[in-house]
>>> print(open('final.txt').read())   # compact mmCIF, C-alpha atoms
# COMPACT_ATOMS: atom_id res chain seq x y z
CA MET A 178 0.00 0.00 0.00
CA THR A 179 1.31 3.46 -0.92
CA ALA A 180 2.27 5.61 2.06
CA SER A 181 0.83 9.08 2.40
CA LEU A 182 3.00 12.15 1.95
CA LYS A 183 2.22 12.97 5.57
CA THR A 184 3.75 9.65 6.64
CA ILE A 185 6.81 10.15 4.45
CA ILE A 186 7.82 13.55 5.85
CA HIS A 187 7.50 12.23 9.40
CA GLU A 188 10.02 9.54 8.48
CA PHE A 189 12.57 12.26 7.74
CA PHE A 190 11.88 14.90 10.38
CA ASN A 191 10.89 15.04 14.02
CA LEU A 192 7.98 17.42 13.54
CA LYS A 193 5.96 19.29 16.11
CA GLU A 194 2.36 19.99 15.20
CA ARG A 195 1.31 23.63 15.12
CA GLU A 196 -2.24 24.68 15.86
CA LEU A 197 -4.41 25.70 12.94
CA PRO A 198 -7.49 27.93 12.95
CA ASP A 199 -10.72 25.96 12.59
CA TRP A 200 -11.41 27.51 9.18
CA VAL A 201 -8.16 26.04 7.83
CA ARG A 202 -7.97 22.58 9.40
CA ILE A 203 -10.69 20.69 7.51
CA GLN A 204 -13.22 21.94 4.99
CA THR A 205 -15.74 19.47 3.61
CA LYS A 206 -18.71 19.39 1.29
CA GLU A 207 -20.47 16.46 -0.31
CA ASN A 208 -17.74 14.31 -1.90
CA ILE A 209 -15.19 17.12 -1.31
CA SER A 210 -12.52 17.47 1.38
CA LEU A 211 -9.72 19.96 1.95
CA THR A 212 -7.37 18.93 4.76
CA SER A 213 -4.49 21.06 5.99
CA TYR A 214 -1.51 20.36 8.25
CA LEU A 215 1.16 22.57 9.78
CA TRP A 216 4.34 21.57 11.62
CA SER A 217 7.77 22.91 12.59
CA SER A 218 11.03 21.50 13.99
CA ASP A 219 14.42 22.63 15.23
CA LEU A 220 15.69 23.25 11.70
CA LEU A 221 12.41 23.93 9.96
CA ASN A 222 10.49 27.14 10.40
CA LYS A 223 7.34 25.78 8.81
CA VAL A 224 6.12 22.63 7.08
CA ARG A 225 2.70 22.85 5.48
CA LEU A 226 0.75 20.16 3.69
CA CYS A 227 -2.53 20.41 1.81
CA GLU A 228 -4.65 17.48 0.60
CA PHE A 229 -7.60 18.28 -1.68
CA LYS A 230 -9.98 15.56 -2.85
CA VAL A 231 -13.04 15.65 -5.10
CA LYS A 232 -14.42 12.13 -5.38
CA ASP A 233 -13.83 10.54 -8.79
CA LYS A 234 -12.76 13.89 -10.27
CA PHE A 235 -9.69 15.44 -8.71
CA TYR A 236 -6.91 14.85 -6.19
CA ALA A 237 -4.06 17.17 -5.24
CA GLU A 238 -1.44 17.27 -2.52
CA SER A 239 0.96 20.12 -1.98
CA LEU A 240 3.89 20.26 0.45
CA VAL A 241 6.21 23.20 1.17
CA ILE A 242 9.04 23.10 3.71
CA TYR A 243 10.58 26.37 4.87
CA PRO A 244 13.97 26.10 6.61
CA ASN A 245 14.78 28.34 9.54
CA LYS A 246 15.49 31.75 8.09
CA HIS A 247 19.15 31.82 9.16
CA LEU A 248 19.97 28.61 7.26
CA GLU A 249 21.57 28.68 3.83
CA SER A 250 19.07 26.10 2.62
CA PRO A 251 16.44 26.12 -0.12
CA ILE A 252 12.69 25.96 0.29
CA PHE A 253 11.51 22.44 -0.49
CA GLY A 254 8.39 22.18 -2.61
CA THR A 255 6.45 19.31 -4.12
CA GLU A 256 2.97 18.62 -5.49
CA TYR A 257 1.02 15.90 -7.23
CA LEU A 258 -2.23 16.32 -9.16
CA LYS A 259 -4.64 13.77 -10.53
CA ILE A 260 -7.44 14.99 -12.82
CA GLY A 261 -9.95 12.22 -13.37
CA GLU A 262 -8.20 9.18 -14.78
CA LYS A 263 -6.65 11.08 -17.68
CA LYS A 264 -4.19 13.73 -16.53
CA TYR A 265 -1.42 13.51 -13.95
CA PHE A 266 1.15 16.08 -12.87
CA GLY A 267 4.03 15.95 -10.38
CA ALA A 268 6.83 18.35 -9.43
CA ILE A 269 9.63 18.44 -6.83
CA ASP A 270 12.26 21.12 -6.35
CA PHE A 271 14.79 22.84 -4.12
CA HIS A 272 13.69 26.48 -4.50
CA PRO A 273 16.93 28.52 -4.07
CA THR A 274 16.95 31.25 -1.44
CA SER A 275 19.94 33.12 -2.87
CA ASP A 276 22.38 33.12 -5.78
CA LYS A 277 25.07 31.96 -3.38
CA CYS A 278 23.11 28.96 -2.16
CA ASN A 279 25.11 25.81 -2.95
CA CYS A 280 22.12 23.55 -2.34
CA LEU A 281 22.30 22.06 -5.82
CA ASN A 282 25.60 20.43 -4.83
CA PHE A 283 23.40 17.93 -3.04
CA LEU A 284 21.63 17.09 -6.31
CA THR A 285 24.61 16.55 -8.60
CA GLU A 286 23.48 12.98 -9.32
CA PHE A 287 20.00 14.19 -10.28
CA PRO A 288 19.36 15.06 -13.95
CA ASN A 289 18.74 18.64 -15.00
CA ARG A 290 15.20 19.44 -16.04
CA LYS A 291 14.54 19.22 -19.75
CA GLN A 292 11.51 21.45 -19.73
CA GLU A 293 12.23 25.10 -20.54
CA LYS A 294 8.77 26.59 -20.00
CA GLU A 295 5.77 26.01 -17.76
CA ILE A 296 2.24 27.35 -18.13
CA PHE A 297 1.93 28.85 -14.66
CA TYR A 298 5.50 29.55 -13.52
CA ASP A 299 8.52 31.52 -14.65
CA PHE A 300 11.45 29.13 -14.25
CA SER A 301 13.84 32.06 -13.83
CA LYS A 302 12.21 32.86 -10.47
CA PHE A 303 12.53 30.53 -7.46
CA PHE A 304 13.03 27.35 -9.49
CA SER A 305 16.22 25.36 -9.93
CA LYS A 306 17.69 23.50 -12.89
CA LYS A 307 17.13 20.31 -10.89
CA LEU A 308 13.35 20.73 -10.86
CA TRP A 309 11.75 17.29 -11.33
CA ILE A 310 8.55 17.74 -13.30
CA ARG A 311 6.27 15.30 -15.10
CA ARG A 312 3.00 15.43 -17.04
CA ARG A 313 1.55 12.11 -18.12
CA ASN A 314 -1.68 10.36 -19.01
CA ASP A 315 -1.04 7.47 -16.61
CA ASP A 316 -0.80 7.48 -12.82
CA PHE A 317 2.88 7.64 -11.79
CA TYR A 318 2.31 8.27 -8.08
CA ASN A 319 4.63 5.45 -6.94
CA GLU A 320 7.48 6.86 -9.02
CA TYR A 321 6.70 10.32 -7.69
CA GLN A 322 6.90 9.17 -4.07
CA ILE A 323 10.24 7.49 -4.70
CA MET A 324 11.59 10.76 -6.06
CA VAL A 325 10.14 12.72 -3.11
CA LYS A 326 12.08 10.44 -0.77
CA CYS A 327 15.26 10.88 -2.80
CA PHE A 328 14.94 14.66 -2.72
CA LEU A 329 14.07 14.70 1.00
CA HIS A 330 17.09 12.55 1.79
CA GLN A 331 19.36 15.14 0.17
CA TYR A 332 17.39 18.03 1.63
CA LYS A 333 17.97 16.76 5.15
CA LYS A 334 21.72 16.60 4.45
CA CYS A 335 21.62 20.18 3.21
CA LEU A 336 19.83 21.36 6.35
CA VAL A 337 22.26 19.69 8.71
CA LEU A 338 25.37 21.01 6.95
CA SER A 339 24.02 24.56 6.76
CA GLU A 340 23.02 24.65 10.43
CA LYS A 341 25.96 26.86 11.41
CA THR A 342 25.23 29.67 8.97
CA LYS A 343 23.91 32.93 10.36
CA LEU A 344 22.30 34.59 7.36
CA SER A 345 18.78 35.93 7.15
CA HIS A 346 16.53 34.85 4.28
CA GLU A 347 13.31 36.26 5.67
CA ASP A 348 12.95 38.63 2.72
CA ILE A 349 13.47 35.83 0.19
CA HIS A 350 10.87 33.67 1.93
CA ARG A 351 8.42 36.57 1.76
CA LYS A 352 9.08 37.18 -1.94
CA TYR A 353 8.70 33.47 -2.66
CA ASN A 354 5.30 33.45 -0.93
CA GLU A 355 4.18 36.54 -2.80
CA TYR A 356 5.19 35.09 -6.14
CA MET A 357 3.61 31.68 -5.52
CA SER A 358 0.37 33.09 -4.12
CA GLU A 359 -0.09 35.14 -7.29
CA ASN A 360 0.80 32.37 -9.72
CA ASP A 361 -0.26 29.08 -8.15
CA PRO A 362 -3.10 27.49 -10.18
CA ALA A 363 -4.69 26.25 -6.95
CA PHE A 364 -6.79 29.42 -6.75
CA GLY A 365 -8.90 28.57 -9.78
CA ILE A 366 -9.51 25.02 -8.59
CA LEU A 367 -10.34 26.02 -5.02
CA LYS A 368 -12.54 28.88 -6.20
CA SER A 369 -14.73 26.54 -8.25
CA TYR A 370 -15.55 24.50 -5.11
CA PHE A 371 -15.21 26.90 -2.17
CA GLY A 372 -15.75 30.34 -3.67
CA SER A 373 -13.44 33.31 -4.22
CA GLU A 374 -13.37 34.73 -0.67
CA PHE A 375 -12.33 31.51 1.04
CA SER A 376 -9.86 30.59 -1.69
CA GLU A 377 -8.08 33.96 -1.52
CA LYS A 378 -7.84 33.67 2.25
CA TYR A 379 -6.61 30.08 2.11
CA ILE A 380 -3.87 30.79 -0.40
CA HIS A 381 -2.59 34.01 1.22
CA ASN A 382 -3.14 33.10 4.89
CA PHE A 383 -2.18 29.44 4.78
CA LEU A 384 -0.64 28.03 1.60
CA PHE A 385 1.79 30.93 1.18
CA SER A 386 1.50 32.83 4.44
CA ASN A 387 4.45 34.79 5.81
CA LYS A 388 3.50 33.88 9.37
>>> encode(input="final.txt", output="structure tokens")
Amino acid sequence: MTASLKTIIHEFFNLKERELPDWVRIQTKENISLTSYLWSSDLLNKVRLCEFKVKDKFYAESLVIYPNKHLESPIFGTEYLKIGEKKYFGAIDFHPTSDKCNCLNFLTEFPNRKQEKEIFYDFSKFFSKKLWIRRRNDDFYNEYQIMVKCFLHQYKKCLVLSEKTKLSHEDIHRKYNEYMSENDPAFGILKSYFGSEFSEKYIHNFLFSNK
């Protein structure tokens, strides 16, 4: 049986659950559920996970890991989408926090991305050349989870080795959140099921919040 993304990240990090407002934690309608999680740890400022399910129509999970702001470490991001039984999308990346970040040294054995353009994102902003991205017509979730584990294994190494740095990346984290909140396609999907007001609040106050 395939493990959940929630289970996988707990295998890598000793996470402490952070309290969520009631409006964020679980939102449900008939055949629809939106479940949110938030954690932190000694090296991680924030870990947030979103699981969105529409029975027989749509499934999405989105995970972002923010390192402590003094660490010279990237922001870890991954997502997987399933649209009906026809379209599947997966992406994993170390989002660089500065030009000097040597985080890609931990991914030297990983192939460079072949894709030069993406519909929703500008690859010149907050994306690395090691971005793992797939679009297929068959479900490749098992392969995706294997790659998530491979990336997380290297990400943990990066965190540990950068623990002694004393730089501040608070501004970069803020700019990343601003960029993603304006460009993430989740808004359109959430809006169609939960309305514009809730979706705006969810994206800006949870998915890509600066708090």
>>> atom_distance(input="final.txt", atom1="CA of Arg313 (chain A)", atom2="CA of Glu377 (chain A)")
29.1 Å
>>> residues_around(input="final.txt", residues="Leu308 (chain A)", least_positions_apart="6", cutoff="6 Å", atoms="only C-alpha atoms", output="VMD selection string")
chain A and resid 269 to 270 290
>>> atom_distance(input="final.txt", atom1="CA of Cys327 (chain A)", atom2="CA of Lys388 (chain A)")
28.6 Å
>>> residues_around(input="final.txt", residues="region 238-240 of chain A", least_positions_apart="6", cutoff="9 Å", atoms="all atoms listed in the file", output="compact mmCIF listing (two decimals) with C-alpha atoms, keeping the file's coordinate frame")
# COMPACT_ATOMS: atom_id res chain seq x y z
CA LEU A 182 3.00 12.15 1.95
CA VAL A 224 6.12 22.63 7.08
CA ARG A 225 2.70 22.85 5.48
CA LEU A 226 0.75 20.16 3.69
CA CYS A 227 -2.53 20.41 1.81
CA GLU A 228 -4.65 17.48 0.60
CA PHE A 229 -7.60 18.28 -1.68
CA LYS A 230 -9.98 15.56 -2.85
CA PHE A 253 11.51 22.44 -0.49
CA GLY A 254 8.39 22.18 -2.61
CA THR A 255 6.45 19.31 -4.12
CA GLU A 256 2.97 18.62 -5.49
CA TYR A 257 1.02 15.90 -7.23
CA LEU A 258 -2.23 16.32 -9.16
CA LEU A 384 -0.64 28.03 1.60
>>> residues_around(input="final.txt", residues="Arg311 (chain A)", least_positions_apart="2", cutoff="8 Å", atoms="only C-alpha atoms", output="MDAnalysis selection string")
chainID A and resid 265:268 309 313
>>> closest_residue(input="final.txt", among="A:Asp348, A:Tyr370, A:Asp219, A:Tyr353", to="Val241 (chain A)", atoms="only C-alpha atoms")
A:Tyr353
>>> residues_around(input="final.txt", residues="Gln322 (chain A)", least_positions_apart="2", cutoff="10 Å", atoms="all atoms listed in the file", output="JSON, numbers by chain")
{"A": [179, 180, 181, 182, 185, 257, 267, 317, 318, 319, 320, 324, 325, 326, 327, 328]}
>>> atom_distance(input="final.txt", atom1="CA of Glu347 (chain A)", atom2="CA of Asn282 (chain A)")
22.6 Å
>>> closest_residue(input="final.txt", among="A:Ile296, A:Ile366, A:Cys335, A:Ile349", to="Lys234 (chain A)", atoms="only C-alpha atoms")
A:Ile366
>>> residues_around(input="final.txt", residues="region 246-248 of chain A", least_positions_apart="2", cutoff="10 Å", atoms="only C-alpha atoms", output="list in words")
Leu220, Leu221, Asn222, Tyr243, Pro244, Ser250, Pro251, Thr274, Cys278, Cys335, Leu336, Val337, Leu338, Ser339, Glu340, Lys341, Thr342, Lys343, Leu344, Ser345, His346, Glu347, Asp348, Ile349 and His350 of chain A
>>> write_last_selection(input="final.txt", atoms="C-alpha atoms", output="PDB file, in the frame of the given file")
ATOM      1  CA  LEU A 220      15.690  23.250  11.700  1.00  0.00           C
ATOM      2  CA  LEU A 221      12.410  23.930   9.960  1.00  0.00           C
ATOM      3  CA  ASN A 222      10.490  27.140  10.400  1.00  0.00           C
ATOM      4  CA  TYR A 243      10.580  26.370   4.870  1.00  0.00           C
ATOM      5  CA  PRO A 244      13.970  26.100   6.610  1.00  0.00           C
ATOM      6  CA  SER A 250      19.070  26.100   2.620  1.00  0.00           C
ATOM      7  CA  PRO A 251      16.440  26.120  -0.120  1.00  0.00           C
ATOM      8  CA  THR A 274      16.950  31.250  -1.440  1.00  0.00           C
ATOM      9  CA  CYS A 278      23.110  28.960  -2.160  1.00  0.00           C
ATOM     10  CA  CYS A 335      21.620  20.180   3.210  1.00  0.00           C
ATOM     11  CA  LEU A 336      19.830  21.360   6.350  1.00  0.00           C
ATOM     12  CA  VAL A 337      22.260  19.690   8.710  1.00  0.00           C
ATOM     13  CA  LEU A 338      25.370  21.010   6.950  1.00  0.00           C
ATOM     14  CA  SER A 339      24.020  24.560   6.760  1.00  0.00           C
ATOM     15  CA  GLU A 340      23.020  24.650  10.430  1.00  0.00           C
ATOM     16  CA  LYS A 341      25.960  26.860  11.410  1.00  0.00           C
ATOM     17  CA  THR A 342      25.230  29.670   8.970  1.00  0.00           C
ATOM     18  CA  LYS A 343      23.910  32.930  10.360  1.00  0.00           C
ATOM     19  CA  LEU A 344      22.300  34.590   7.360  1.00  0.00           C
ATOM     20  CA  SER A 345      18.780  35.930   7.150  1.00  0.00           C
ATOM     21  CA  HIS A 346      16.530  34.850   4.280  1.00  0.00           C
ATOM     22  CA  GLU A 347      13.310  36.260   5.670  1.00  0.00           C
ATOM     23  CA  ASP A 348      12.950  38.630   2.720  1.00  0.00           C
ATOM     24  CA  ILE A 349      13.470  35.830   0.190  1.00  0.00           C
ATOM     25  CA  HIS A 350      10.870  33.670   1.930  1.00  0.00           C
TER      26      HIS A 350
END
>>> closest_residue(input="final.txt", among="A:Ile242, A:Val231, A:Cys280, A:Ile203", to="Ile260 (chain A)", atoms="all atoms listed in the file")
A:Val231
>>> closest_residue(input="final.txt", among="A:Phe297, A:Lys183, A:Ile310, A:Gln331", to="Asp361 (chain A)", atoms="all atoms listed in the file")
A:Phe297
>>> closest_residue(input="final.txt", among="A:Lys368, A:Lys232, A:Lys378, A:Lys263", to="Asn208 (chain A)", atoms="all atoms listed in the file")
A:Lys232
>>> closest_residue(input="final.txt", among="A:Thr212, A:Ser386, A:Ser373, A:Ser218", to="Arg351 (chain A)", atoms="only C-alpha atoms")
A:Ser386
>>> residues_near_point(input="final.txt", point="(1.4, 21.9, 10.2)", cutoff="8 Å", atoms="all atoms listed in the file", output="PyMOL selection string")
chain A and resi 193-197+213-217+223-226
